[in-house]
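Participant: One structure is given below, represented as structure tokens, and several questions about it will come after.
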Amino acid sequence: MVELKTDASIDAMHAAGQVVGRALSAVRKAAGVGVSLLDLDEVAREVLRAAGASSPFLGYRPSFAPTPFPAVICASVNDAIVHGVPTGYRLRDGDLVSIDCGALLDGWAGDSAISFTVGRPRPADVRLIDTAERALAAGIEAAVVGNRIGDIAHAVGRVCRAAGYGVPQDFGGHGIGRRMHEDPGVPNEGRPGRGLPLRPGLVLAIEPMLIAGGRDDYHPAPDGWTLRTNDGSRAAHVEHTVAITESGPRILTARETA
């Protein structure tokens, strides 16, 4: 069931989204050569604790997962696309890192993701991340009253495909509100003019996922959570929580730029 939010509810979701934004900014600032993924998870935990927020990731167990998720961030490195489980792995020069984080505050959820490089960036990684951000911006631009879910999906997919990147199927964006995952699903590829009409009060997490090698296929890692590219190429993942309003899309998880 799709729930439309009131203006007051969207304001409350914005407060949750700002906690997510601060957590992601803090994690990005802390990331560096030699820093472990568990260290980054603790940075995000501290931001949530300071805000009086909890994590919708911690203990989450969807149908595909063999175990509850053990952390408050997903930390996906290099060929990991999404859902990376933080471990003691220490970041190395040139790593491409995607961090996904959520927060629950006063009963409302926020969800967002960033991708960045550590140390000396590879030009190919810079292009990949830039394209992911452009795909996200295109999806947000299409998130207006009168459009449909397919218009967002088409806008995202068109940017990804034009750059020659793969788009993993079966995973994409989603509705969000009292829970992190709500209806409707928001694919990263689709036909314009199709799907659910966008109405004021609909809140969506739009999240492009790109595979550098150009193929769409992926596989789960042995941990049952992390999704990795089949060809070993690198991946990027970015996301914002966005409200559909009469005056245009409102980004609820905006954060400080690095």
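Residues in the structure tokens are numbered from 1 in each chain, the chains being A, B, ... in the order shown, and ligands are numbered from 1 in the order shown.
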List the spatial neighbours of Pro66 in chain A as a PyMOL selection string - criterion: any atom at most 10 Å away, only C-alpha atoms, same-chain residues fewer than 2 positions off excluded.
Facilitator: chain A and resi 61-64+68-69+223-225
Participant: List every residue of range 30-178 of chain A that DSSP, applied to the backbone of this structure, places in strand (DSSP E or B), and write the result as a ChimeraX atom specification.
Facilitator: /A:36,54,73-77,80-82,90,96-105,108-117,148,166,173-175
Participant: Which residues come within 9 Å of range 128-144 of chain A, counting only C-alpha atoms, excluding same-chain residues fewer than 4 positions away, as a ChimeraX atom specification?
Facilitator: /A:114-117,123-124,148-149,151-160,163,165,188,198-200,204,206-212,234-240,242-251
Participant: Would you save the residues of that selection, restricted to N, CA and C atoms, as a short mmCIF file (atom, residue, chain, number, x, y, z; two decimals), in the first residue's frame?
Facilitator:
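After the write, out-v8.cif holds the following:
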data_model
loop_
_atom_site.label_atom_id
_atom_site.label_comp_id
_atom_site.auth_asym_id
_atom_site.auth_seq_id
_atom_site.Cartn_x
_atom_site.Cartn_y
_atom_site.Cartn_z
N ILE A 114 26.28 7.39 -0.52
CA ILE A 114 27.31 8.14 -1.25
C ILE A 114 28.38 7.17 -1.74
N SER A 115 29.08 7.57 -2.78
CA SER A 115 30.27 6.85 -3.24
C SER A 115 31.43 7.85 -3.33
N PHE A 116 32.61 7.38 -2.97
CA PHE A 116 33.79 8.25 -3.01
C PHE A 116 35.04 7.38 -3.12
N THR A 117 36.17 8.01 -3.40
CA THR A 117 37.43 7.28 -3.47
C THR A 117 38.31 7.64 -2.29
N PRO A 123 40.97 7.81 -12.55
CA PRO A 123 40.08 8.59 -13.40
C PRO A 123 38.79 7.85 -13.76
N ALA A 124 38.89 6.53 -13.97
CA ALA A 124 37.70 5.76 -14.30
C ALA A 124 36.70 5.76 -13.15
N ARG A 148 5.27 9.81 -13.68
CA ARG A 148 5.04 8.48 -13.12
C ARG A 148 6.37 7.86 -12.70
N ILE A 149 6.28 6.75 -11.96
CA ILE A 149 7.50 6.06 -11.52
C ILE A 149 8.39 5.74 -12.71
N ASP A 151 8.92 7.42 -15.30
CA ASP A 151 9.70 8.58 -15.74
C ASP A 151 10.97 8.73 -14.92
N ILE A 152 10.89 8.45 -13.61
CA ILE A 152 12.10 8.46 -12.78
C ILE A 152 13.05 7.36 -13.23
N ALA A 153 12.52 6.14 -13.40
CA ALA A 153 13.34 5.00 -13.80
C ALA A 153 14.02 5.26 -15.14
N HIS A 154 13.27 5.81 -16.08
CA HIS A 154 13.83 6.10 -17.41
C HIS A 154 14.93 7.15 -17.33
N ALA A 155 14.72 8.18 -16.53
CA ALA A 155 15.72 9.25 -16.40
C ALA A 155 17.02 8.71 -15.82
N VAL A 156 16.91 7.86 -14.79
CA VAL A 156 18.11 7.26 -14.19
C VAL A 156 18.82 6.35 -15.18
N GLY A 157 18.07 5.43 -15.77
CA GLY A 157 18.66 4.45 -16.66
C GLY A 157 19.29 5.05 -17.90
N ARG A 158 18.68 6.11 -18.43
CA ARG A 158 19.19 6.74 -19.64
C ARG A 158 20.60 7.29 -19.40
N VAL A 159 20.83 7.93 -18.26
CA VAL A 159 22.16 8.46 -17.95
C VAL A 159 23.17 7.32 -17.81
N CYS A 160 22.78 6.26 -17.10
CA CYS A 160 23.69 5.13 -16.88
C CYS A 160 24.06 4.46 -18.19
N ALA A 163 26.38 6.28 -20.69
CA ALA A 163 27.80 6.28 -20.30
C ALA A 163 28.43 4.90 -20.44
N TYR A 165 27.50 2.04 -18.77
CA TYR A 165 27.56 1.27 -17.53
C TYR A 165 26.42 0.26 -17.42
N ASN A 188 15.71 1.31 -11.53
CA ASN A 188 16.73 2.19 -12.09
C ASN A 188 16.75 2.15 -13.62
N LEU A 198 2.85 10.08 -9.83
CA LEU A 198 3.50 10.77 -8.72
C LEU A 198 2.56 11.84 -8.19
N ARG A 199 2.23 11.74 -6.90
CA ARG A 199 1.29 12.66 -6.28
C ARG A 199 1.95 13.36 -5.10
N PRO A 200 1.51 14.54 -4.74
CA PRO A 200 2.07 15.23 -3.57
C PRO A 200 1.95 14.35 -2.32
N LEU A 204 10.03 9.00 -1.80
CA LEU A 204 10.77 7.93 -2.45
C LEU A 204 12.25 8.00 -2.13
N ILE A 206 15.44 7.30 -4.09
CA ILE A 206 15.93 7.10 -5.46
C ILE A 206 17.40 6.74 -5.36
N GLU A 207 17.80 5.58 -5.95
CA GLU A 207 19.17 5.12 -5.71
C GLU A 207 19.78 4.39 -6.90
N PRO A 208 20.42 5.14 -7.78
CA PRO A 208 21.14 4.51 -8.89
C PRO A 208 22.28 3.62 -8.40
N MET A 209 22.45 2.49 -9.10
CA MET A 209 23.57 1.57 -8.88
C MET A 209 24.18 1.29 -10.24
N LEU A 210 25.48 1.52 -10.38
CA LEU A 210 26.15 1.41 -11.68
C LEU A 210 27.30 0.43 -11.61
N ILE A 211 27.45 -0.37 -12.67
CA ILE A 211 28.56 -1.32 -12.79
C ILE A 211 29.48 -0.85 -13.92
N ALA A 212 30.74 -0.64 -13.62
CA ALA A 212 31.67 -0.02 -14.57
C ALA A 212 31.88 -0.86 -15.82
N ARG A 234 34.33 -2.34 -10.99
CA ARG A 234 33.91 -1.56 -9.84
C ARG A 234 32.48 -1.06 -9.98
N ALA A 235 31.91 -0.66 -8.86
CA ALA A 235 30.52 -0.22 -8.84
C ALA A 235 30.38 1.03 -7.99
N ALA A 236 29.32 1.78 -8.25
CA ALA A 236 29.00 2.97 -7.46
C ALA A 236 27.52 2.96 -7.13
N HIS A 237 27.19 3.56 -5.99
CA HIS A 237 25.82 3.59 -5.50
C HIS A 237 25.59 4.92 -4.79
N VAL A 238 24.58 5.65 -5.22
CA VAL A 238 24.22 6.91 -4.57
C VAL A 238 22.71 6.93 -4.36
N GLU A 239 22.26 7.74 -3.39
CA GLU A 239 20.83 7.70 -3.04
C GLU A 239 20.45 8.96 -2.26
N HIS A 240 19.22 9.41 -2.49
CA HIS A 240 18.60 10.44 -1.66
C HIS A 240 17.15 10.04 -1.38
N VAL A 242 13.55 11.58 -1.25
CA VAL A 242 12.97 12.72 -1.95
C VAL A 242 11.45 12.72 -1.78
N ALA A 243 10.89 13.87 -1.41
CA ALA A 243 9.44 14.03 -1.30
C ALA A 243 8.89 14.69 -2.56
N ILE A 244 7.77 14.18 -3.05
CA ILE A 244 7.07 14.81 -4.17
C ILE A 244 6.17 15.89 -3.59
N THR A 245 6.33 17.12 -4.03
CA THR A 245 5.50 18.22 -3.52
C THR A 245 4.96 19.04 -4.70
N GLU A 246 3.98 19.85 -4.42
CA GLU A 246 3.39 20.70 -5.46
C GLU A 246 4.43 21.68 -6.04
N SER A 247 5.43 22.02 -5.24
CA SER A 247 6.44 22.97 -5.69
C SER A 247 7.70 22.29 -6.24
N GLY A 248 7.65 20.97 -6.41
CA GLY A 248 8.78 20.25 -6.96
C GLY A 248 9.39 19.27 -5.98
N PRO A 249 10.40 18.51 -6.40
CA PRO A 249 11.02 17.53 -5.51
C PRO A 249 11.76 18.19 -4.35
N ARG A 250 11.59 17.64 -3.17
CA ARG A 250 12.27 18.13 -1.98
C ARG A 250 13.21 17.05 -1.47
N ILE A 251 14.52 17.31 -1.52
CA ILE A 251 15.51 16.34 -1.03
C ILE A 251 15.56 16.40 0.49
#
Participant: Determine, using only C-alpha atoms, which residues of range 39-124 of chain A have any atom at most 12 Å from an atom of range 14-19 of chain A, and tabulate each with its shortest atom pair and distance in Å to one decimal place, rows ordered by chain and then rising number, as a tab-separated table.
Facilitator:
residue	atom	partner	partner_atom	distance
A:Ala44	CA	A:Val19	CA	9.7
A:Arg45	CA	A:Val19	CA	10.9
A:Glu46	CA	A:Val19	CA	10.9
A:Val47	CA	A:Val19	CA	7.3
A:Leu48	CA	A:Val19	CA	6.8
A:Arg49	CA	A:Val19	CA	10.0
A:Ala50	CA	A:Val19	CA	9.4
A:Ala51	CA	A:Val19	CA	6.9
A:Gly52	CA	A:Val19	CA	9.5
A:Ala53	CA	A:Val19	CA	7.8
A:Ser54	CA	A:Ala16	CA	9.8
A:Ser55	CA	A:Ala16	CA	10.6
A:Pro56	CA	A:Ala16	CA	11.4
A:Cys101	CA	A:Val19	CA	9.7
A:Gly102	CA	A:Gly17	CA	8.0
A:Ala103	CA	A:Ala16	CA	6.0
A:Leu104	CA	A:Ala16	CA	6.2
A:Leu105	CA	A:Ala16	CA	5.2
A:Asp106	CA	A:Ala16	CA	8.0
A:Gly107	CA	A:Ala16	CA	9.0
A:Trp108	CA	A:Ala16	CA	6.5
A:Ala109	CA	A:Ala16	CA	5.9
A:Gly110	CA	A:Gly17	CA	4.4
A:Asp111	CA	A:Gly17	CA	6.7
A:Ser112	CA	A:Gly17	CA	7.9
A:Ala113	CA	A:Gly17	CA	11.3
Participant: Find the residues around Gly88 in chain A up to 8 Å (only C-alpha atoms counted), leave out those fewer than 4 positions away in its own chain, and share them as a list in words.
Facilitator: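 The residues that qualify are Ser36, Leu37 and Leu38 of chain A.
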Participant: I need the residues from that last selection saved to file as a compact mmCIF listing (two decimals), in the first residue's frame (with N, CA and C atoms), if you can.
Facilitator:
# COMPACT_ATOMS: atom_id res chain seq x y z
N SER A 36 39.49 1.17 9.07
CA SER A 36 38.70 -0.04 8.81
C SER A 36 37.23 0.30 8.59
N LEU A 37 36.54 -0.61 7.93
CA LEU A 37 35.10 -0.43 7.71
C LEU A 37 34.35 -0.45 9.04
N LEU A 38 34.83 -1.21 10.00
CA LEU A 38 34.21 -1.21 11.33
C LEU A 38 34.39 0.15 12.01
Participant: Hey, can you check how far CA of Glu3 in chain A sits from CA of Gly195 in chain A?
Facilitator: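 For CA of Glu3 in chain A relative to CA of Gly195 in chain A, the distance reads 15.8 Å.
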Participant: Could you check the closest approach to Gly177 in chain A for each of A:Asn230, A:Thr253, A:Asn78, A:Thr241 and tell me which residue wins, using only C-alpha atoms?
Facilitator: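 Result for the nearest residue to Gly177 in chain A: A:Thr241.
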Participant: Of the candidates A:Ala65, A:Leu40, A:Leu252, A:Leu58, which shows the shortest atom-to-atom distance to Tyr89 in chain A, using only C-alpha atoms?
Facilitator: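 Between A:Ala65, A:Leu40, A:Leu252, A:Leu58, the residue approaching Tyr89 in chain A most closely is A:Leu40.
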Participant: So how many Å separate CA of Arg228 in chain A and CA of Val82 in chain A, to one decimal?
Facilitator: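 So the two atoms, CA of Arg228 in chain A and CA of Val82 in chain A, lie 7.8 Å apart.
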